[in-house]
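A.B. asks: Just one file: start19.pdb, with PDB, C-alpha atoms and all ligand atoms.
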ATOM      1  CA  MET A  21      49.392 -21.245 -83.090
ATOM      2  CA  THR A  22      46.693 -19.005 -81.684
ATOM      3  CA  ASP A  23      43.943 -20.436 -79.637
ATOM      4  CA  HIS A  24      41.034 -20.056 -82.037
ATOM      5  CA  GLN A  25      42.280 -22.828 -84.383
ATOM      6  CA  LEU A  26      42.490 -26.209 -82.724
ATOM      7  CA  PRO A  27      44.379 -28.377 -85.241
ATOM      8  CA  GLY A  28      42.663 -31.604 -86.258
ATOM      9  CA  ALA A  29      45.864 -33.536 -85.600
ATOM     10  CA  LEU A  30      45.725 -32.567 -81.929
ATOM     11  CA  LEU A  31      42.145 -33.782 -81.632
ATOM     12  CA  ALA A  32      43.190 -37.079 -83.224
ATOM     13  CA  TRP A  33      46.162 -37.407 -80.838
ATOM     14  CA  LEU A  34      43.850 -36.785 -77.864
ATOM     15  CA  ARG A  35      41.228 -39.280 -79.020
ATOM     16  CA  GLY A  36      43.742 -41.909 -80.134
ATOM     17  CA  ALA A  37      46.178 -41.789 -77.207
ATOM     18  CA  ALA A  38      46.535 -44.972 -75.189
ATOM     19  CA  HIS A  39      48.226 -43.022 -72.341
ATOM     20  CA  ILE A  40      48.202 -39.251 -71.819
ATOM     21  CA  VAL A  41      50.539 -37.514 -69.355
ATOM     22  CA  VAL A  42      49.492 -34.045 -68.215
ATOM     23  CA  LEU A  43      52.267 -31.946 -66.629
ATOM     24  CA  THR A  44      51.052 -28.739 -64.984
ATOM     25  CA  GLY A  45      52.703 -25.683 -63.482
ATOM     26  CA  ALA A  46      51.542 -22.567 -61.695
ATOM     27  CA  GLY A  47      49.911 -21.211 -64.867
ATOM     28  CA  VAL A  48      46.913 -23.549 -64.497
ATOM     29  CA  SER A  49      46.103 -21.939 -61.142
ATOM     30  CA  GLN A  50      46.735 -18.394 -62.316
ATOM     31  CA  GLU A  51      43.115 -17.843 -63.309
ATOM     32  CA  SER A  52      42.034 -19.122 -59.894
ATOM     33  CA  GLY A  53      43.668 -15.983 -58.609
ATOM     34  CA  ILE A  54      46.860 -17.617 -57.341
ATOM     35  CA  PRO A  55      49.910 -15.664 -58.538
ATOM     36  CA  THR A  56      52.317 -17.862 -60.497
ATOM     37  CA  PHE A  57      55.585 -18.814 -58.826
ATOM     38  CA  ARG A  58      57.576 -16.205 -60.698
ATOM     39  CA  ASP A  59      54.961 -13.454 -60.581
ATOM     40  CA  THR A  60      56.299 -10.529 -58.642
ATOM     41  CA  LEU A  61      55.483 -11.159 -55.031
ATOM     42  CA  SER A  62      53.130  -8.622 -53.486
ATOM     43  CA  GLY A  63      52.605  -6.995 -50.119
ATOM     44  CA  PHE A  64      55.141  -7.683 -47.389
ATOM     45  CA  TRP A  65      56.804 -10.293 -49.663
ATOM     46  CA  SER A  66      57.484  -7.939 -52.593
ATOM     47  CA  ARG A  67      60.985  -7.329 -51.227
ATOM     48  CA  PHE A  68      61.842 -11.074 -51.432
ATOM     49  CA  ASP A  69      62.815 -13.402 -54.295
ATOM     50  CA  PRO A  70      60.766 -16.637 -54.162
ATOM     51  CA  MET A  71      63.823 -18.549 -55.312
ATOM     52  CA  GLN A  72      65.628 -17.392 -52.172
ATOM     53  CA  LEU A  73      62.714 -18.071 -49.816
ATOM     54  CA  ALA A  74      61.941 -21.567 -51.188
ATOM     55  CA  THR A  75      65.105 -23.160 -49.720
ATOM     56  CA  PRO A  76      65.949 -25.100 -46.532
ATOM     57  CA  GLU A  77      68.674 -22.553 -45.821
ATOM     58  CA  ALA A  78      66.123 -19.709 -45.766
ATOM     59  CA  PHE A  79      63.936 -21.664 -43.336
ATOM     60  CA  ASP A  80      66.893 -22.507 -41.070
ATOM     61  CA  ALA A  81      68.000 -18.864 -41.134
ATOM     62  CA  ASP A  82      64.573 -17.388 -40.386
ATOM     63  CA  PRO A  83      61.827 -19.961 -39.743
ATOM     64  CA  SER A  84      59.172 -17.301 -39.021
ATOM     65  CA  LEU A  85      59.803 -15.435 -42.290
ATOM     66  CA  VAL A  86      59.503 -18.588 -44.417
ATOM     67  CA  TRP A  87      56.634 -20.118 -42.424
ATOM     68  CA  GLY A  88      54.783 -16.779 -42.659
ATOM     69  CA  TRP A  89      55.202 -16.779 -46.460
ATOM     70  CA  TYR A  90      53.777 -20.273 -46.816
ATOM     71  CA  GLU A  91      50.899 -19.603 -44.438
ATOM     72  CA  TRP A  92      50.099 -16.447 -46.436
ATOM     73  CA  ARG A  93      50.129 -18.499 -49.632
ATOM     74  CA  ARG A  94      48.013 -21.221 -48.007
ATOM     75  CA  SER A  95      45.452 -18.685 -46.867
ATOM     76  CA  GLN A  96      45.322 -17.333 -50.448
ATOM     77  CA  VAL A  97      44.816 -20.844 -51.831
ATOM     78  CA  LEU A  98      42.089 -21.710 -49.331
ATOM     79  CA  GLY A  99      40.272 -18.589 -50.482
ATOM     80  CA  CYS A 100      40.438 -19.682 -54.165
ATOM     81  CA  GLN A 101      38.480 -22.235 -56.175
ATOM     82  CA  PRO A 102      39.634 -24.682 -58.836
ATOM     83  CA  ILE A 103      38.701 -23.209 -62.229
ATOM     84  CA  ALA A 104      37.860 -24.418 -65.710
ATOM     85  CA  ALA A 105      41.448 -25.564 -66.300
ATOM     86  CA  HIS A 106      41.541 -27.878 -63.260
ATOM     87  CA  ARG A 107      38.042 -29.139 -64.025
ATOM     88  CA  ALA A 108      38.861 -29.788 -67.690
ATOM     89  CA  ILE A 109      41.930 -31.825 -66.688
ATOM     90  CA  ALA A 110      39.790 -33.828 -64.247
ATOM     91  CA  GLU A 111      37.228 -34.404 -67.065
ATOM     92  CA  LEU A 112      39.986 -35.392 -69.531
ATOM     93  CA  ALA A 113      40.752 -38.348 -67.257
ATOM     94  CA  SER A 114      37.214 -39.669 -67.904
ATOM     95  CA  HIS A 115      37.743 -39.613 -71.701
ATOM     96  CA  ALA A 116      41.332 -40.828 -71.885
ATOM     97  CA  ARG A 117      42.090 -44.530 -71.881
ATOM     98  CA  LYS A 118      44.821 -43.823 -69.343
ATOM     99  CA  LEU A 119      45.894 -40.471 -67.882
ATOM    100  CA  THR A 120      48.704 -39.605 -65.468
ATOM    101  CA  LEU A 121      48.520 -36.129 -63.927
ATOM    102  CA  VAL A 122      51.881 -34.769 -62.730
ATOM    103  CA  THR A 123      51.911 -31.339 -61.111
ATOM    104  CA  GLN A 124      54.606 -28.969 -59.907
ATOM    105  CA  ASN A 125      51.967 -27.019 -58.014
ATOM    106  CA  VAL A 126      51.606 -27.190 -54.261
ATOM    107  CA  ASP A 127      48.119 -25.627 -54.034
ATOM    108  CA  GLY A 128      46.020 -28.823 -54.063
ATOM    109  CA  LEU A 129      43.547 -27.388 -56.611
ATOM    110  CA  HIS A 130      43.742 -30.431 -58.924
ATOM    111  CA  GLU A 131      42.564 -32.658 -56.062
ATOM    112  CA  ARG A 132      39.802 -30.170 -55.154
ATOM    113  CA  ALA A 133      38.657 -30.263 -58.823
ATOM    114  CA  GLY A 134      38.254 -34.035 -58.581
ATOM    115  CA  SER A 135      41.530 -35.325 -60.043
ATOM    116  CA  ARG A 136      42.753 -38.451 -58.300
ATOM    117  CA  ASP A 137      46.205 -40.011 -57.866
ATOM    118  CA  VAL A 138      47.842 -36.661 -58.601
ATOM    119  CA  LEU A 139      51.634 -36.950 -58.666
ATOM    120  CA  CYS A 140      52.741 -33.875 -56.687
ATOM    121  CA  LEU A 141      56.406 -33.477 -57.608
ATOM    122  CA  HIS A 142      56.957 -30.513 -55.284
ATOM    123  CA  GLY A 143      54.810 -31.564 -52.325
ATOM    124  CA  SER A 144      51.869 -29.621 -50.914
ATOM    125  CA  LEU A 145      51.080 -26.529 -48.882
ATOM    126  CA  HIS A 146      48.581 -28.666 -47.000
ATOM    127  CA  ARG A 147      50.884 -31.395 -45.673
ATOM    128  CA  PRO A 148      53.474 -29.813 -43.346
ATOM    129  CA  TYR A 149      55.816 -32.000 -41.292
ATOM    130  CA  CYS A 150      58.447 -31.720 -38.591
ATOM    131  CA  ARG A 151      61.918 -30.571 -39.685
ATOM    132  CA  GLY A 152      63.464 -32.836 -37.045
ATOM    133  CA  CYS A 153      61.562 -36.116 -36.785
ATOM    134  CA  ARG A 154      59.489 -35.647 -39.987
ATOM    135  CA  SER A 155      56.201 -36.477 -38.227
ATOM    136  CA  THR A 156      53.271 -35.084 -40.192
ATOM    137  CA  TYR A 157      51.374 -32.191 -38.637
ATOM    138  CA  ALA A 158      47.658 -31.468 -38.946
ATOM    139  CA  LEU A 159      47.103 -27.808 -39.740
ATOM    140  CA  PRO A 160      43.929 -26.205 -38.407
ATOM    141  CA  GLN A 161      41.306 -26.410 -41.180
ATOM    142  CA  GLU A 162      40.421 -22.752 -41.158
ATOM    143  CA  ALA A 163      42.801 -20.551 -43.121
ATOM    144  CA  PRO A 164      45.375 -18.766 -40.971
ATOM    145  CA  ASP A 165      44.662 -15.080 -40.826
ATOM    146  CA  PRO A 166      48.008 -13.437 -41.555
ATOM    147  CA  ALA A 167      47.634  -9.797 -42.442
ATOM    148  CA  PRO A 168      46.358  -9.606 -46.058
ATOM    149  CA  SER A 169      49.782  -8.519 -47.203
ATOM    150  CA  GLY A 170      51.415 -11.241 -45.113
ATOM    151  CA  GLN A 171      53.853 -11.177 -42.216
ATOM    152  CA  PRO A 172      56.410 -13.462 -40.545
ATOM    153  CA  MET A 173      54.718 -16.092 -38.354
ATOM    154  CA  ARG A 174      56.281 -18.460 -35.856
ATOM    155  CA  PRO A 175      56.042 -22.065 -37.089
ATOM    156  CA  PRO A 176      54.295 -24.487 -34.695
ATOM    157  CA  ALA A 177      56.510 -26.695 -32.536
ATOM    158  CA  CYS A 178      56.411 -30.433 -33.202
ATOM    159  CA  PRO A 179      54.367 -32.161 -30.460
ATOM    160  CA  SER A 180      56.785 -35.129 -30.566
ATOM    161  CA  CYS A 181      60.222 -33.538 -30.597
ATOM    162  CA  GLY A 182      59.713 -29.776 -30.294
ATOM    163  CA  ASP A 183      61.532 -28.915 -33.538
ATOM    164  CA  HIS A 184      59.932 -26.560 -36.057
ATOM    165  CA  ILE A 185      57.073 -27.745 -38.233
ATOM    166  CA  ARG A 186      58.018 -26.902 -41.841
ATOM    167  CA  PRO A 187      56.003 -26.505 -45.067
ATOM    168  CA  GLY A 188      55.350 -29.832 -46.827
ATOM    169  CA  VAL A 189      56.894 -28.626 -50.092
ATOM    170  CA  VAL A 190      60.109 -29.632 -51.902
ATOM    171  CA  TRP A 191      62.536 -26.724 -51.706
ATOM    172  CA  PHE A 192      65.314 -25.917 -54.177
ATOM    173  CA  GLY A 193      68.240 -28.183 -53.424
ATOM    174  CA  GLU A 194      65.961 -30.880 -51.938
ATOM    175  CA  MET A 195      65.280 -34.232 -53.553
ATOM    176  CA  LEU A 196      61.833 -34.871 -54.976
ATOM    177  CA  PRO A 197      59.800 -37.655 -53.331
ATOM    178  CA  ALA A 198      61.468 -40.728 -54.864
ATOM    179  CA  GLU A 199      58.326 -42.758 -55.609
ATOM    180  CA  THR A 200      56.495 -39.759 -57.087
ATOM    181  CA  TRP A 201      59.432 -38.927 -59.345
ATOM    182  CA  ALA A 202      59.876 -42.565 -60.423
ATOM    183  CA  ALA A 203      56.166 -42.857 -61.296
ATOM    184  CA  SER A 204      56.301 -39.586 -63.256
ATOM    185  CA  GLU A 205      59.390 -40.683 -65.196
ATOM    186  CA  GLU A 206      57.831 -44.061 -65.949
ATOM    187  CA  ALA A 207      54.632 -42.424 -67.224
ATOM    188  CA  ALA A 208      56.563 -39.984 -69.435
ATOM    189  CA  ASP A 209      58.550 -42.925 -70.822
ATOM    190  CA  ALA A 210      55.409 -44.929 -71.610
ATOM    191  CA  CYS A 211      52.919 -42.309 -72.799
ATOM    192  CA  ASP A 212      52.064 -41.455 -76.382
ATOM    193  CA  LEU A 213      50.954 -37.880 -75.661
ATOM    194  CA  LEU A 214      52.294 -35.394 -73.078
ATOM    195  CA  LEU A 215      50.497 -32.091 -72.466
ATOM    196  CA  SER A 216      52.702 -29.485 -70.729
ATOM    197  CA  ILE A 217      50.362 -26.810 -69.367
ATOM    198  CA  GLY A 218      51.201 -23.531 -67.631
ATOM    199  CA  THR A 219      54.819 -24.060 -66.742
ATOM    200  CA  SER A 220      57.872 -21.961 -67.525
ATOM    201  CA  SER A 221      59.781 -25.251 -67.961
ATOM    202  CA  LEU A 222      62.661 -23.917 -65.842
ATOM    203  CA  VAL A 223      62.731 -26.273 -62.883
ATOM    204  CA  TYR A 224      64.546 -29.619 -62.880
ATOM    205  CA  PRO A 225      63.939 -32.464 -62.859
ATOM    206  CA  ALA A 226      60.243 -31.709 -63.752
ATOM    207  CA  THR A 227      61.242 -30.037 -66.990
ATOM    208  CA  ALA A 228      62.969 -33.253 -68.110
ATOM    209  CA  LEU A 229      59.612 -35.066 -68.393
ATOM    210  CA  PRO A 230      58.660 -33.664 -71.831
ATOM    211  CA  GLU A 231      62.166 -34.588 -73.057
ATOM    212  CA  ILE A 232      61.684 -38.156 -71.801
ATOM    213  CA  ALA A 233      58.287 -38.346 -73.545
ATOM    214  CA  HIS A 234      59.751 -36.943 -76.764
ATOM    215  CA  ARG A 235      62.580 -39.491 -76.683
ATOM    216  CA  ASN A 236      60.074 -42.302 -76.325
ATOM    217  CA  GLY A 237      58.328 -41.057 -79.491
ATOM    218  CA  ALA A 238      55.343 -39.419 -77.779
ATOM    219  CA  LYS A 239      53.747 -36.248 -79.130
ATOM    220  CA  VAL A 240      54.462 -33.235 -76.886
ATOM    221  CA  VAL A 241      51.949 -30.364 -76.812
ATOM    222  CA  GLN A 242      52.504 -27.160 -74.814
ATOM    223  CA  ILE A 243      49.760 -24.780 -73.636
ATOM    224  CA  ASN A 244      51.114 -21.429 -72.483
ATOM    225  CA  PRO A 245      50.401 -17.802 -73.414
ATOM    226  CA  GLU A 246      54.176 -17.242 -73.553
ATOM    227  CA  PRO A 247      57.014 -19.086 -75.281
ATOM    228  CA  THR A 248      59.242 -21.233 -73.040
ATOM    229  CA  SER A 249      62.394 -23.295 -73.501
ATOM    230  CA  LEU A 250      60.080 -26.215 -74.379
ATOM    231  CA  ASP A 251      58.882 -24.541 -77.607
ATOM    232  CA  PRO A 252      61.512 -26.042 -79.929
ATOM    233  CA  LEU A 253      60.910 -29.585 -78.657
ATOM    234  CA  ALA A 254      57.099 -29.471 -78.647
ATOM    235  CA  ASP A 255      55.214 -30.892 -81.630
ATOM    236  CA  LEU A 256      52.610 -28.175 -81.056
ATOM    237  CA  ASN A 257      52.631 -24.901 -79.084
ATOM    238  CA  LEU A 258      49.144 -23.570 -78.332
ATOM    239  CA  ARG A 259      49.389 -19.901 -77.370
ATOM    240  CA  GLY A 260      46.609 -19.266 -74.922
ATOM    241  CA  THR A 261      45.526 -19.623 -71.312
ATOM    242  CA  ALA A 262      44.673 -22.975 -69.763
ATOM    243  CA  ALA A 263      41.221 -21.872 -68.590
ATOM    244  CA  ARG A 264      40.267 -20.785 -72.128
ATOM    245  CA  LEU A 265      41.966 -23.502 -74.180
ATOM    246  CA  LEU A 266      41.372 -26.678 -72.207
ATOM    247  CA  PRO A 267      37.543 -26.603 -72.155
ATOM    248  CA  ARG A 268      37.565 -25.809 -75.915
ATOM    249  CA  LEU A 269      39.922 -28.703 -76.529
ATOM    250  CA  LEU A 270      37.705 -31.143 -74.657
ATOM    251  CA  ARG A 271      34.539 -29.937 -76.408
ATOM    252  CA  ALA A 272      36.222 -30.258 -79.811
ATOM    253  CA  ALA A 273      37.681 -33.705 -79.147
ATOM    254  CA  TRP A 274      34.629 -35.144 -77.445
ATOM    255  CA  PRO A 275      31.563 -33.159 -78.537
ATOM    256  CA  SER A 276      28.887 -34.224 -76.062
TER     257      SER A 276
HETATM  258  C1  LIG B   1      66.641 -31.346 -57.244
HETATM  259  C2  LIG B   1      57.888 -25.834 -54.133
HETATM  260  C3  LIG B   1      68.328 -32.934 -56.872
HETATM  261  C4  LIG B   1      58.232 -24.669 -53.279
HETATM  262  C5  LIG B   1      59.309 -25.665 -56.136
HETATM  263  C6  LIG B   1      71.296 -25.780 -62.528
HETATM  264  C7  LIG B   1      70.831 -26.433 -63.649
HETATM  265  C8  LIG B   1      69.798 -27.363 -63.562
HETATM  266  C9  LIG B   1      69.198 -27.635 -62.348
HETATM  267  C10 LIG B   1      69.650 -26.969 -61.255
HETATM  268  C11 LIG B   1      70.685 -26.057 -61.326
HETATM  269  N1  LIG B   1      70.889 -25.577 -60.067
HETATM  270  C12 LIG B   1      70.016 -26.164 -59.217
HETATM  271  C13 LIG B   1      69.272 -27.010 -59.928
HETATM  272  C14 LIG B   1      68.220 -27.861 -59.440
HETATM  273  C15 LIG B   1      66.993 -27.037 -59.113
HETATM  274  C16 LIG B   1      66.531 -26.253 -60.328
HETATM  275  O1  LIG B   1      65.902 -26.776 -61.220
HETATM  276  N2  LIG B   1      66.832 -24.953 -60.365
HETATM  277  C17 LIG B   1      66.455 -24.193 -61.537
HETATM  278  C18 LIG B   1      65.584 -23.023 -61.148
HETATM  279  C19 LIG B   1      67.723 -23.790 -62.278
HETATM  280  N3  LIG B   1      65.997 -28.029 -58.799
HETATM  281  C20 LIG B   1      65.949 -28.507 -57.547
HETATM  282  O2  LIG B   1      66.632 -28.111 -56.623
HETATM  283  C21 LIG B   1      64.975 -29.653 -57.360
HETATM  284  N4  LIG B   1      65.637 -30.709 -56.670
HETATM  285  O3  LIG B   1      67.107 -31.031 -58.315
HETATM  286  O4  LIG B   1      67.117 -32.390 -56.480
HETATM  287  C22 LIG B   1      69.356 -32.037 -56.231
HETATM  288  C23 LIG B   1      69.527 -32.167 -54.871
HETATM  289  C24 LIG B   1      70.506 -31.363 -54.264
HETATM  290  C25 LIG B   1      71.258 -30.440 -55.018
HETATM  291  C26 LIG B   1      71.011 -30.299 -56.409
HETATM  292  C27 LIG B   1      70.055 -31.098 -57.012
HETATM  293  C28 LIG B   1      63.798 -29.214 -56.529
HETATM  294  C29 LIG B   1      62.956 -28.244 -57.328
HETATM  295  C30 LIG B   1      61.653 -27.980 -56.579
HETATM  296  C31 LIG B   1      61.599 -26.536 -56.157
HETATM  297  N5  LIG B   1      60.297 -26.266 -55.535
HETATM  298  N6  LIG B   1      58.123 -25.480 -55.531
HETATM  299  C32 LIG B   1      57.255 -23.529 -53.459
HETATM  300  O5  LIG B   1      56.296 -23.631 -54.251
HETATM  301  O6  LIG B   1      57.469 -22.521 -52.763
HETATM  302  S1  LIG B   1      59.485 -25.189 -57.744
HETATM  303  C33 LIG B   1      58.498 -23.866 -58.098
HETATM  304  O7  LIG B   1      58.720 -23.620 -59.481
HETATM  305  C34 LIG B   1      56.994 -24.119 -58.014
HETATM  306  O8  LIG B   1      56.637 -25.404 -57.589
HETATM  307  C35 LIG B   1      56.552 -24.000 -59.461
HETATM  308  O9  LIG B   1      55.511 -24.816 -59.775
HETATM  309  C36 LIG B   1      57.783 -24.437 -60.124
HETATM  310  C37 LIG B   1      57.915 -24.245 -61.544
HETATM  311  O10 LIG B   1      57.449 -22.978 -61.861
HETATM  312  P1  LIG B   1      56.130 -22.916 -62.787
HETATM  313  O11 LIG B   1      55.112 -23.827 -62.230
HETATM  314  O12 LIG B   1      56.536 -23.142 -64.186
HETATM  315  O13 LIG B   1      55.637 -21.468 -62.509
HETATM  316  P2  LIG B   1      56.269 -20.156 -63.148
HETATM  317  O14 LIG B   1      55.745 -19.012 -62.376
HETATM  318  O15 LIG B   1      57.746 -20.338 -63.308
HETATM  319  O16 LIG B   1      55.670 -20.134 -64.634
HETATM  320  C38 LIG B   1      54.283 -20.054 -64.831
HETATM  321  C39 LIG B   1      54.059 -20.302 -66.304
HETATM  322  O17 LIG B   1      52.653 -20.272 -66.544
HETATM  323  C40 LIG B   1      54.680 -19.255 -67.200
HETATM  324  O18 LIG B   1      55.332 -19.893 -68.300
HETATM  325  C41 LIG B   1      53.487 -18.451 -67.711
HETATM  326  O19 LIG B   1      53.671 -18.000 -69.039
HETATM  327  C42 LIG B   1      52.400 -19.484 -67.672
HETATM  328  N7  LIG B   1      51.044 -18.948 -67.480
HETATM  329  C43 LIG B   1      50.689 -17.814 -66.813
HETATM  330  N8  LIG B   1      49.341 -17.711 -66.842
HETATM  331  C44 LIG B   1      48.864 -18.793 -67.500
HETATM  332  C45 LIG B   1      49.949 -19.586 -67.901
HETATM  333  N9  LIG B   1      49.789 -20.732 -68.581
HETATM  334  C46 LIG B   1      48.534 -21.108 -68.868
HETATM  335  N10 LIG B   1      47.443 -20.412 -68.513
HETATM  336  C47 LIG B   1      47.571 -19.253 -67.827
HETATM  337  N11 LIG B   1      46.493 -18.541 -67.468
HETATM  338 ZN    ZN B   2      59.384 -33.630 -34.534
END
I'd like the structure from this file rewritten - as structure tokens, please.
C.D. replies:
Amino acid sequence: MTDHQLPGALLAWLRGAAHIVVLTGAGVSQESGIPTFRDTLSGFWSRFDPMQLATPEAFDADPSLVWGWYEWRRSQVLGCQPIAAHRAIAELASHARKLTLVTQNVDGLHERAGSRDVLCLHGSLHRPYCRGCRSTYALPQEAPDPAPSGQPMRPPACPSCGDHIRPGVVWFGEMLPAETWAASEEAADACDLLLSIGTSSLVYPATALPEIAHRNGAKVVQINPEPTSLDPLADLNLRGTAARLLPRLLRAAWPS
């Protein structure tokens, strides 16, 4: 399905849904200028595999390398703005009878676009905490100024126990925040429409949410310029970018 035809059925599902779940991945922030998780890393980081860096083992082995990567990413994010995709999802919440936004992203752009009660499955770049005593740590507001291409940076020491402050994200091999995951599962099990937007559908347990929605009889719609493993399960695959498709979808479903 190309993005210039928006099927009438989809508009009816949007308007008629009692509960919509929106699941987003890095693709919705791509047009904000934030490289997606699996985009080839650039600059100093081009020699690393994000899958290897985004683990507790990598941080324990070289805290400065991993902290430097996250501070570089945070400085990129702080220099970007939420775009049409984030704003359209925030606006969708005002039309839908009930909407649950679940994101795999750690950039905080949904919140900056006005979405509230965002379920952040993989944590946030903006909420670091101590590796030892888990006390939260307030980062300085201004963006760190790692070299544009990035560099290792020593993580701050915890004021309470002196251990390393670590990024507030969920790494591979770590459990997701239990309440956030339970709320996401519950929403997928109760919704009648799930929109999966801008995710490669590779990471568990997030990628199980569309399956849970499908099993409960909900319609599953995917928005992604590329095919993913979700294609066969989705009731509809819209081939296009989030920033182009979402505003069109809203205008078509709720012409002002
Ligand atoms: C866990 C935070 C229990 C860090 C991230 C074998 C089989 C099954 C599972 C596993 C397995 N081995 C290990 C596991 C579990 C593992 C997992 O799923 N591994 C996968 C890769 C095989 N999962 C875990 O470890 C999770 N925890 O399972 O706990 C447990 C406990 C102990 C031991 C075992 C299990 C924790 C997973 C959380 C990892 N943390 N992020 C950070 O960000 O640095 S995940 C990371 O990937 C990002 O958060 C990212 O959001 C997420 C998913 O990626 P996407 O968002 O989809 O981004 P990606 O780049 O992949 O794709 C972008 C998509 O957008 C593409 O499809 C592209 O076409 C599209 N796109 C591009 N432009 C646009 C667009 N779409 C729309 N518009 C555009 N303009
Ligand atoms: Zn501490």
A.B. asks: Hey, which bits of range 45-133 of chain A sit within 9 Å of range 221-232 of chain A, and for each residue what's the closest pair of atoms and how far apart in Å (one decimal), counting all atoms listed in the file, rows by chain and increasing number, as a Markdown table?
C.D. replies:
| residue | atom | partner | partner_atom | distance |
| --- | --- | --- | --- | --- |
| A:Gly45 | CA | A:Ser221 | CA | 8.4 |
| A:Val122 | CA | A:Ala226 | CA | 9.0 |
| A:Thr123 | CA | A:Ala226 | CA | 8.7 |
| A:Gln124 | CA | A:Ala226 | CA | 7.4 |
A.B. asks: Apply the PyMOL selection byres (((chain A and resi 158) around 8) and not hetatm) to the file shown and report the selected residues as a list of chain:residue names.
C.D. replies: A:Arg147, A:Pro148, A:Thr156, A:Tyr157, A:Leu159, A:Pro160
A.B. asks: Just write the chosen residues, C-alpha atoms, as a compact mmCIF listing (two decimals), in the frame of the given file.
C.D. replies:
# COMPACT_ATOMS: atom_id res chain seq x y z
CA ARG A 147 50.88 -31.40 -45.67
CA PRO A 148 53.47 -29.81 -43.35
CA THR A 156 53.27 -35.08 -40.19
CA TYR A 157 51.37 -32.19 -38.64
CA LEU A 159 47.10 -27.81 -39.74
CA PRO A 160 43.93 -26.20 -38.41
A.B. asks: Could you tell me how far atom N7 of ligand LIG 1 (chain B) sits from CA of Asn125 in chain A, in Å to one decimal place?
C.D. replies: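 Between CA of Asn125 in chain A and atom N7 of ligand LIG 1 (chain B) the gap is 12.5 Å.
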A.B. asks: Have a look at A:Phe79, A:Phe68, A:Tyr149, A:Tyr90 and name the one nearest to ligand ZN 2 (chain B); count only C-alpha atoms and all ligand atoms.
C.D. replies: A:Tyr149
A.B. asks: Nearest to ligand ZN 2 (chain B) among A:Cys178, A:Ile109, A:Leu256, A:Leu61, with distances taken over all atoms listed in the file: which residue is it?
C.D. replies: A:Cys178
A.B. asks: Just want the residues within 6 Å of ligand ZN 2 (chain B), written as a list in words, counting all atoms listed in the file.
C.D. replies: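 The distance check yields Cys150, Gly152, Cys153, Arg154, Ser155, Cys178, Ser180, Cys181, Gly182 and Asp183 of chain A.
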A.B. asks: Identify all residues satisfying the PyMOL selection byres (((not hetatm)) within 7 of (chain B and resi 1)) in the given file; provide them as a PyMOL selection string.
C.D. replies: chain A and resi 44-48+50-51+56-59+70+74+124-126+142-143+189-196+217-225+243-246+248+260-263
A.B. asks: Run the PyMOL selection byres (((chain A and resi 254) around 10) and not hetatm) mentally over the shown coordinates, then write out the matched residues as a list in words, using the chain letters and numbers from the document.
C.D. replies: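 Written out, the selection comes to Leu214, Leu215, Ser216, Pro230, Glu231, His234, Lys239, Val240, Val241, Gln242, Ser249, Leu250, Asp251, Pro252, Leu253, Asp255, Leu256, Asn257 and Leu258 of chain A.
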A.B. asks: So, counting only C-alpha atoms, which residue among A:Ala202, A:Met173, A:Val42, A:Ala104 is closest to Glu91 in chain A?
C.D. replies: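 The closest residue to Glu91 in chain A is A:Met173.
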A.B. asks: Here's a test: counting only C-alpha atoms, identify every protein, DNA and RNA residue with an atom at most 12 Å from (41.5, -36.1, -73.9) in the file's coordinate frame, and state them as a PyMOL selection string.
C.D. replies: chain A and resi 30-42+108-120+213-215+266-275
A.B. asks: Just to be explicit: take each residue in the selection above, keep C-alpha atoms, and write the result as a short mmCIF file (atom, residue, chain, number, x, y, z; two decimals), in the frame of the given file.
C.D. replies:
data_model
loop_
_atom_site.label_atom_id
_atom_site.label_comp_id
_atom_site.auth_asym_id
_atom_site.auth_seq_id
_atom_site.Cartn_x
_atom_site.Cartn_y
_atom_site.Cartn_z
CA LEU A 30 45.72 -32.57 -81.93
CA LEU A 31 42.14 -33.78 -81.63
CA ALA A 32 43.19 -37.08 -83.22
CA TRP A 33 46.16 -37.41 -80.84
CA LEU A 34 43.85 -36.78 -77.86
CA ARG A 35 41.23 -39.28 -79.02
CA GLY A 36 43.74 -41.91 -80.13
CA ALA A 37 46.18 -41.79 -77.21
CA ALA A 38 46.54 -44.97 -75.19
CA HIS A 39 48.23 -43.02 -72.34
CA ILE A 40 48.20 -39.25 -71.82
CA VAL A 41 50.54 -37.51 -69.36
CA VAL A 42 49.49 -34.04 -68.22
CA ALA A 108 38.86 -29.79 -67.69
CA ILE A 109 41.93 -31.82 -66.69
CA ALA A 110 39.79 -33.83 -64.25
CA GLU A 111 37.23 -34.40 -67.06
CA LEU A 112 39.99 -35.39 -69.53
CA ALA A 113 40.75 -38.35 -67.26
CA SER A 114 37.21 -39.67 -67.90
CA HIS A 115 37.74 -39.61 -71.70
CA ALA A 116 41.33 -40.83 -71.89
CA ARG A 117 42.09 -44.53 -71.88
CA LYS A 118 44.82 -43.82 -69.34
CA LEU A 119 45.89 -40.47 -67.88
CA THR A 120 48.70 -39.60 -65.47
CA LEU A 213 50.95 -37.88 -75.66
CA LEU A 214 52.29 -35.39 -73.08
CA LEU A 215 50.50 -32.09 -72.47
CA LEU A 266 41.37 -26.68 -72.21
CA PRO A 267 37.54 -26.60 -72.16
CA ARG A 268 37.56 -25.81 -75.92
CA LEU A 269 39.92 -28.70 -76.53
CA LEU A 270 37.70 -31.14 -74.66
CA ARG A 271 34.54 -29.94 -76.41
CA ALA A 272 36.22 -30.26 -79.81
CA ALA A 273 37.68 -33.70 -79.15
CA TRP A 274 34.63 -35.14 -77.44
CA PRO A 275 31.56 -33.16 -78.54
#
A.B. asks: To one decimal in Å, tell me the separation between CA of Arg93 in chain A and CA of Trp201 in chain A.
C.D. replies: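 Pair CA of Arg93 in chain A / CA of Trp201 in chain A returns 24.5 Å.
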